[in-house]
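What follows is the content of upload.txt (compact mmCIF, N, CA and C atoms).
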# COMPACT_ATOMS: atom_id res chain seq x y z
N MET W 1 0.84 -1.17 0.00
CA MET W 1 0.00 0.00 0.00
C MET W 1 0.90 1.24 0.00
N ILE W 2 0.51 2.19 -0.76
CA ILE W 2 1.22 3.47 -0.79
C ILE W 2 0.65 4.35 0.32
N ARG W 3 1.53 5.00 1.03
CA ARG W 3 1.09 5.87 2.12
C ARG W 3 1.84 7.19 2.07
N LEU W 4 1.26 8.19 2.69
CA LEU W 4 1.91 9.49 2.81
C LEU W 4 2.85 9.49 4.01
N ARG W 5 3.97 10.16 3.87
CA ARG W 5 4.99 10.23 4.93
C ARG W 5 4.98 11.58 5.66
N ILE W 6 3.88 12.25 5.67
CA ILE W 6 3.82 13.61 6.19
C ILE W 6 4.29 13.70 7.64
N LEU W 7 3.79 12.82 8.49
CA LEU W 7 4.19 12.89 9.90
C LEU W 7 5.68 12.63 10.07
N GLU W 8 6.24 11.72 9.29
CA GLU W 8 7.67 11.45 9.36
C GLU W 8 8.47 12.67 8.93
N ILE W 9 8.03 13.31 7.86
CA ILE W 9 8.73 14.50 7.35
C ILE W 9 8.66 15.63 8.38
N LEU W 10 7.49 15.81 8.98
CA LEU W 10 7.36 16.84 10.02
C LEU W 10 8.33 16.58 11.17
N GLU W 11 8.44 15.33 11.57
CA GLU W 11 9.36 14.98 12.66
C GLU W 11 10.81 15.24 12.24
N GLU W 12 11.16 14.85 11.01
CA GLU W 12 12.52 15.08 10.52
C GLU W 12 12.86 16.57 10.49
N GLN W 13 11.86 17.39 10.18
CA GLN W 13 12.07 18.83 10.07
C GLN W 13 11.80 19.57 11.38
N ASP W 14 11.44 18.83 12.41
CA ASP W 14 11.15 19.41 13.72
C ASP W 14 10.00 20.42 13.65
N HIS W 15 8.94 20.04 12.94
CA HIS W 15 7.73 20.87 12.84
C HIS W 15 6.56 20.09 13.42
N THR W 16 5.50 20.82 13.73
CA THR W 16 4.30 20.20 14.28
C THR W 16 3.20 20.13 13.22
N LYS W 17 2.17 19.33 13.51
CA LYS W 17 1.01 19.27 12.63
C LYS W 17 0.36 20.65 12.55
N TYR W 18 0.30 21.34 13.67
CA TYR W 18 -0.31 22.68 13.69
C TYR W 18 0.45 23.62 12.77
N TRP W 19 1.77 23.56 12.80
CA TRP W 19 2.61 24.38 11.92
C TRP W 19 2.22 24.15 10.47
N LEU W 20 2.08 22.88 10.09
CA LEU W 20 1.73 22.55 8.71
C LEU W 20 0.31 23.00 8.38
N PHE W 21 -0.62 22.74 9.27
CA PHE W 21 -2.01 23.11 9.04
C PHE W 21 -2.15 24.61 8.76
N LYS W 22 -1.49 25.44 9.56
CA LYS W 22 -1.57 26.89 9.38
C LYS W 22 -1.01 27.32 8.03
N ARG W 23 -0.02 26.63 7.52
CA ARG W 23 0.60 27.00 6.25
C ARG W 23 -0.12 26.42 5.03
N MET W 24 -0.97 25.43 5.26
CA MET W 24 -1.68 24.79 4.16
C MET W 24 -2.94 25.55 3.76
N ASP W 25 -3.41 26.44 4.59
CA ASP W 25 -4.65 27.20 4.30
C ASP W 25 -5.82 26.28 3.98
N MET W 26 -5.96 25.21 4.74
CA MET W 26 -7.09 24.30 4.56
C MET W 26 -8.24 24.76 5.43
N LEU W 27 -9.44 24.61 4.93
CA LEU W 27 -10.61 25.05 5.67
C LEU W 27 -10.97 24.10 6.81
N SER W 28 -10.74 22.82 6.61
CA SER W 28 -11.19 21.83 7.58
C SER W 28 -10.01 21.11 8.23
N TYR W 29 -9.92 21.21 9.55
CA TYR W 29 -8.88 20.48 10.26
C TYR W 29 -9.16 18.98 10.17
N ARG W 30 -10.42 18.60 10.11
CA ARG W 30 -10.79 17.19 10.01
C ARG W 30 -10.22 16.58 8.73
N ASN W 31 -10.36 17.26 7.60
CA ASN W 31 -9.80 16.76 6.34
C ASN W 31 -8.28 16.72 6.39
N PHE W 32 -7.69 17.75 6.97
CA PHE W 32 -6.24 17.79 7.13
C PHE W 32 -5.77 16.58 7.96
N GLN W 33 -6.45 16.31 9.05
CA GLN W 33 -6.10 15.20 9.93
C GLN W 33 -6.19 13.87 9.17
N LYS W 34 -7.23 13.70 8.37
CA LYS W 34 -7.39 12.46 7.59
C LYS W 34 -6.23 12.28 6.61
N ILE W 35 -5.79 13.36 6.00
CA ILE W 35 -4.68 13.28 5.04
C ILE W 35 -3.39 12.88 5.74
N ILE W 36 -3.05 13.56 6.82
CA ILE W 36 -1.75 13.28 7.44
C ILE W 36 -1.72 11.93 8.16
N GLU W 37 -2.90 11.41 8.52
CA GLU W 37 -2.96 10.10 9.18
C GLU W 37 -3.28 8.97 8.20
N ASN W 38 -3.23 9.27 6.91
CA ASN W 38 -3.47 8.26 5.87
C ASN W 38 -4.84 7.61 5.99
N ARG W 39 -5.83 8.40 6.32
CA ARG W 39 -7.20 7.89 6.41
C ARG W 39 -8.06 8.48 5.30
N THR W 40 -7.46 8.78 4.17
CA THR W 40 -8.19 9.32 3.04
C THR W 40 -7.98 8.40 1.84
N THR W 41 -8.94 8.39 0.95
CA THR W 41 -8.83 7.53 -0.23
C THR W 41 -8.39 8.31 -1.45
N GLY W 42 -8.29 9.62 -1.33
CA GLY W 42 -7.87 10.44 -2.46
C GLY W 42 -7.32 11.76 -1.98
N ILE W 43 -6.51 12.36 -2.83
CA ILE W 43 -5.93 13.66 -2.49
C ILE W 43 -5.78 14.46 -3.79
N LYS W 44 -6.12 15.72 -3.73
CA LYS W 44 -6.05 16.58 -4.92
C LYS W 44 -4.60 16.91 -5.24
N PHE W 45 -4.33 17.08 -6.54
CA PHE W 45 -3.00 17.50 -6.96
C PHE W 45 -2.64 18.84 -6.34
N GLU W 46 -3.60 19.71 -6.20
CA GLU W 46 -3.37 21.02 -5.58
C GLU W 46 -2.86 20.85 -4.14
N THR W 47 -3.43 19.90 -3.41
CA THR W 47 -3.00 19.64 -2.04
C THR W 47 -1.59 19.05 -2.02
N LEU W 48 -1.30 18.13 -2.93
CA LEU W 48 0.05 17.58 -3.03
C LEU W 48 1.07 18.67 -3.32
N ASN W 49 0.71 19.57 -4.24
CA ASN W 49 1.60 20.67 -4.60
C ASN W 49 1.87 21.56 -3.39
N LYS W 50 0.83 21.88 -2.62
CA LYS W 50 1.00 22.70 -1.42
C LYS W 50 1.90 22.00 -0.41
N LEU W 51 1.67 20.70 -0.21
CA LEU W 51 2.50 19.95 0.73
C LEU W 51 3.96 20.00 0.33
N CYS W 52 4.23 19.81 -0.96
CA CYS W 52 5.61 19.86 -1.45
C CYS W 52 6.24 21.23 -1.22
N ARG W 53 5.48 22.28 -1.51
CA ARG W 53 5.99 23.64 -1.33
C ARG W 53 6.26 23.95 0.14
N VAL W 54 5.28 23.66 0.98
CA VAL W 54 5.40 24.01 2.40
C VAL W 54 6.50 23.19 3.08
N LEU W 55 6.56 21.90 2.76
CA LEU W 55 7.56 21.03 3.39
C LEU W 55 8.91 21.08 2.67
N ASP W 56 8.94 21.72 1.52
CA ASP W 56 10.15 21.86 0.71
C ASP W 56 10.77 20.50 0.38
N VAL W 57 9.91 19.62 -0.16
CA VAL W 57 10.36 18.28 -0.57
C VAL W 57 9.81 17.99 -1.96
N PRO W 58 10.51 17.16 -2.74
CA PRO W 58 9.95 16.73 -4.02
C PRO W 58 8.77 15.79 -3.76
N VAL W 59 7.88 15.69 -4.72
CA VAL W 59 6.66 14.91 -4.53
C VAL W 59 6.95 13.45 -4.16
N GLY W 60 7.99 12.88 -4.68
CA GLY W 60 8.33 11.50 -4.36
C GLY W 60 8.65 11.27 -2.89
N GLU W 61 9.12 12.32 -2.22
CA GLU W 61 9.44 12.21 -0.79
C GLU W 61 8.19 12.11 0.08
N LEU W 62 7.05 12.51 -0.46
CA LEU W 62 5.81 12.47 0.31
C LEU W 62 5.28 11.05 0.46
N PHE W 63 5.72 10.13 -0.40
CA PHE W 63 5.15 8.79 -0.43
C PHE W 63 6.15 7.72 -0.04
N ALA W 64 5.61 6.65 0.51
CA ALA W 64 6.39 5.44 0.78
C ALA W 64 5.51 4.25 0.45
N GLN W 65 6.13 3.18 0.00
CA GLN W 65 5.37 1.96 -0.25
C GLN W 65 5.65 0.99 0.88
N ASP W 66 4.59 0.56 1.52
CA ASP W 66 4.70 -0.31 2.69
C ASP W 66 3.66 -1.41 2.54
N ASP W 67 4.11 -2.61 2.21
CA ASP W 67 3.19 -3.71 1.98
C ASP W 67 2.45 -4.13 3.24
N ASN W 68 2.97 -3.78 4.40
CA ASN W 68 2.32 -4.13 5.66
C ASN W 68 1.39 -3.04 6.17
N PHE W 69 1.36 -1.90 5.47
CA PHE W 69 0.56 -0.77 5.93
C PHE W 69 -0.89 -0.95 5.54
N LYS W 70 -1.78 -0.71 6.48
CA LYS W 70 -3.21 -0.69 6.21
C LYS W 70 -3.72 0.60 6.82
N ASN W 71 -4.40 1.42 6.03
CA ASN W 71 -4.79 2.73 6.54
C ASN W 71 -6.05 2.66 7.40
N ASP W 72 -6.02 1.73 8.34
CA ASP W 72 -7.04 1.59 9.35
C ASP W 72 -6.39 1.94 10.68
N PRO W 73 -6.76 3.07 11.29
CA PRO W 73 -6.09 3.50 12.52
C PRO W 73 -6.20 2.47 13.65
N GLN W 74 -7.19 1.58 13.60
CA GLN W 74 -7.33 0.56 14.63
C GLN W 74 -6.32 -0.57 14.44
N ASN W 75 -5.77 -0.69 13.23
CA ASN W 75 -4.86 -1.78 12.91
C ASN W 75 -3.44 -1.24 12.83
N VAL W 76 -2.89 -0.84 13.95
CA VAL W 76 -1.58 -0.19 13.96
C VAL W 76 -0.45 -1.15 13.62
N SER W 77 -0.67 -2.46 13.76
CA SER W 77 0.40 -3.41 13.46
C SER W 77 0.52 -3.66 11.97
N GLY W 78 -0.52 -3.28 11.20
CA GLY W 78 -0.50 -3.54 9.77
C GLY W 78 -0.89 -4.97 9.45
N ASP W 79 -1.28 -5.76 10.45
CA ASP W 79 -1.63 -7.16 10.24
C ASP W 79 -3.02 -7.26 9.63
N ASP W 80 -3.08 -7.76 8.42
CA ASP W 80 -4.34 -7.89 7.73
C ASP W 80 -4.53 -9.33 7.29
N THR W 81 -4.17 -10.27 8.15
CA THR W 81 -4.21 -11.68 7.78
C THR W 81 -5.62 -12.18 7.56
N LYS W 82 -6.61 -11.57 8.20
CA LYS W 82 -7.96 -12.06 8.03
C LYS W 82 -8.46 -11.84 6.60
N ASN W 83 -7.87 -10.88 5.86
CA ASN W 83 -8.26 -10.62 4.49
C ASN W 83 -7.20 -11.07 3.50
N ALA W 84 -6.24 -11.85 3.94
CA ALA W 84 -5.10 -12.21 3.10
C ALA W 84 -5.51 -13.01 1.86
N ASN W 85 -6.52 -13.83 1.96
CA ASN W 85 -6.91 -14.66 0.82
C ASN W 85 -7.99 -14.01 -0.03
N GLN W 86 -8.31 -12.78 0.24
CA GLN W 86 -9.38 -12.09 -0.45
C GLN W 86 -8.99 -11.75 -1.90
N TYR W 87 -7.71 -11.63 -2.22
CA TYR W 87 -7.31 -11.18 -3.54
C TYR W 87 -6.79 -12.32 -4.35
Do you think you could lay out the structure here as C-alpha cells?
Amino acid sequence: MIRLRILEILEEQDHTKYWLFKRMDMLSYRNFQKIIENRTTGIKFETLNKLCRVLDVPVGELFAQDDNFKNDPQNVSGDDTKNANQY
C-alpha cells in the first residue's frame, strides 16, 4: 500500500502538525487530519503541490510503499491476515 509520509517528514524537520495546518490554508482540520494520518482515499494535486511547497520536498518524498501498511487507525500493526486470501 502506498502511504503518505507527512508525519515522518514533520518529525525530521522538527515541525508540528499545527505548523503545517496553518501553512496549508485548509478550511477543515478534520480533512487535514485524515490526510496526514493516511485515512483518506484520495488527495487533490493542488494539495500535493502545497504539501511539497510548504515542506520543501519533491513529490516522491511524500510517499512510501509499505506492503504491511493498512490505513485503518485501529490496525496499527498492519496485520491484515484475516483478508489475506481475499485477492
Restricting the calculation to all atoms listed in the file, which member of W:Ala64, W:Leu51, W:Arg23, W:Lys17 is positioned closest to Met1 of chain W?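 Answer, going by the shortest atom-to-atom distance: W:Ala64.
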What is the distance between atom CA of Asn38 of chain W and atom CA of Val54 of chain W, in Å to one decimal?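 We find that atom CA of Asn38 of chain W and atom CA of Val54 of chain W lie 18.4 Å from each other.
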Among listed residues W:Asn68, W:Arg30, W:Phe45, W:Lys50, nearest Arg3 of chain W (using only C-alpha atoms): W:Asn68
Atomic distance atom N of Phe63 of chain W - atom C of Arg5 of chain W, expressed in Å with one decimal: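 Between atom N of Phe63 of chain W and atom C of Arg5 of chain W the gap works out to 6.3 Å.
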Pairwise distance for atom CA of Pro58 of chain W and atom N of Leu27 of chain W, rounded to one decimal in Å: 22.8 Å
Give me the residues near Ile36 of chain W as a VMD selection string, where near means some atom within 7 Å (using all atoms listed in the file) and where sequence neighbours in that chain fewer than 2 positions away do not count. chain W and resid 4 6 to 7 31 to 34 38 to 39
Hey, which of W:Asp66, W:Glu11, W:Trp19, W:Leu48 ends up closest to Ile35 of chain W? Count only C-alpha atoms.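 Smallest separation from Ile35 of chain W among the options: W:Leu48.
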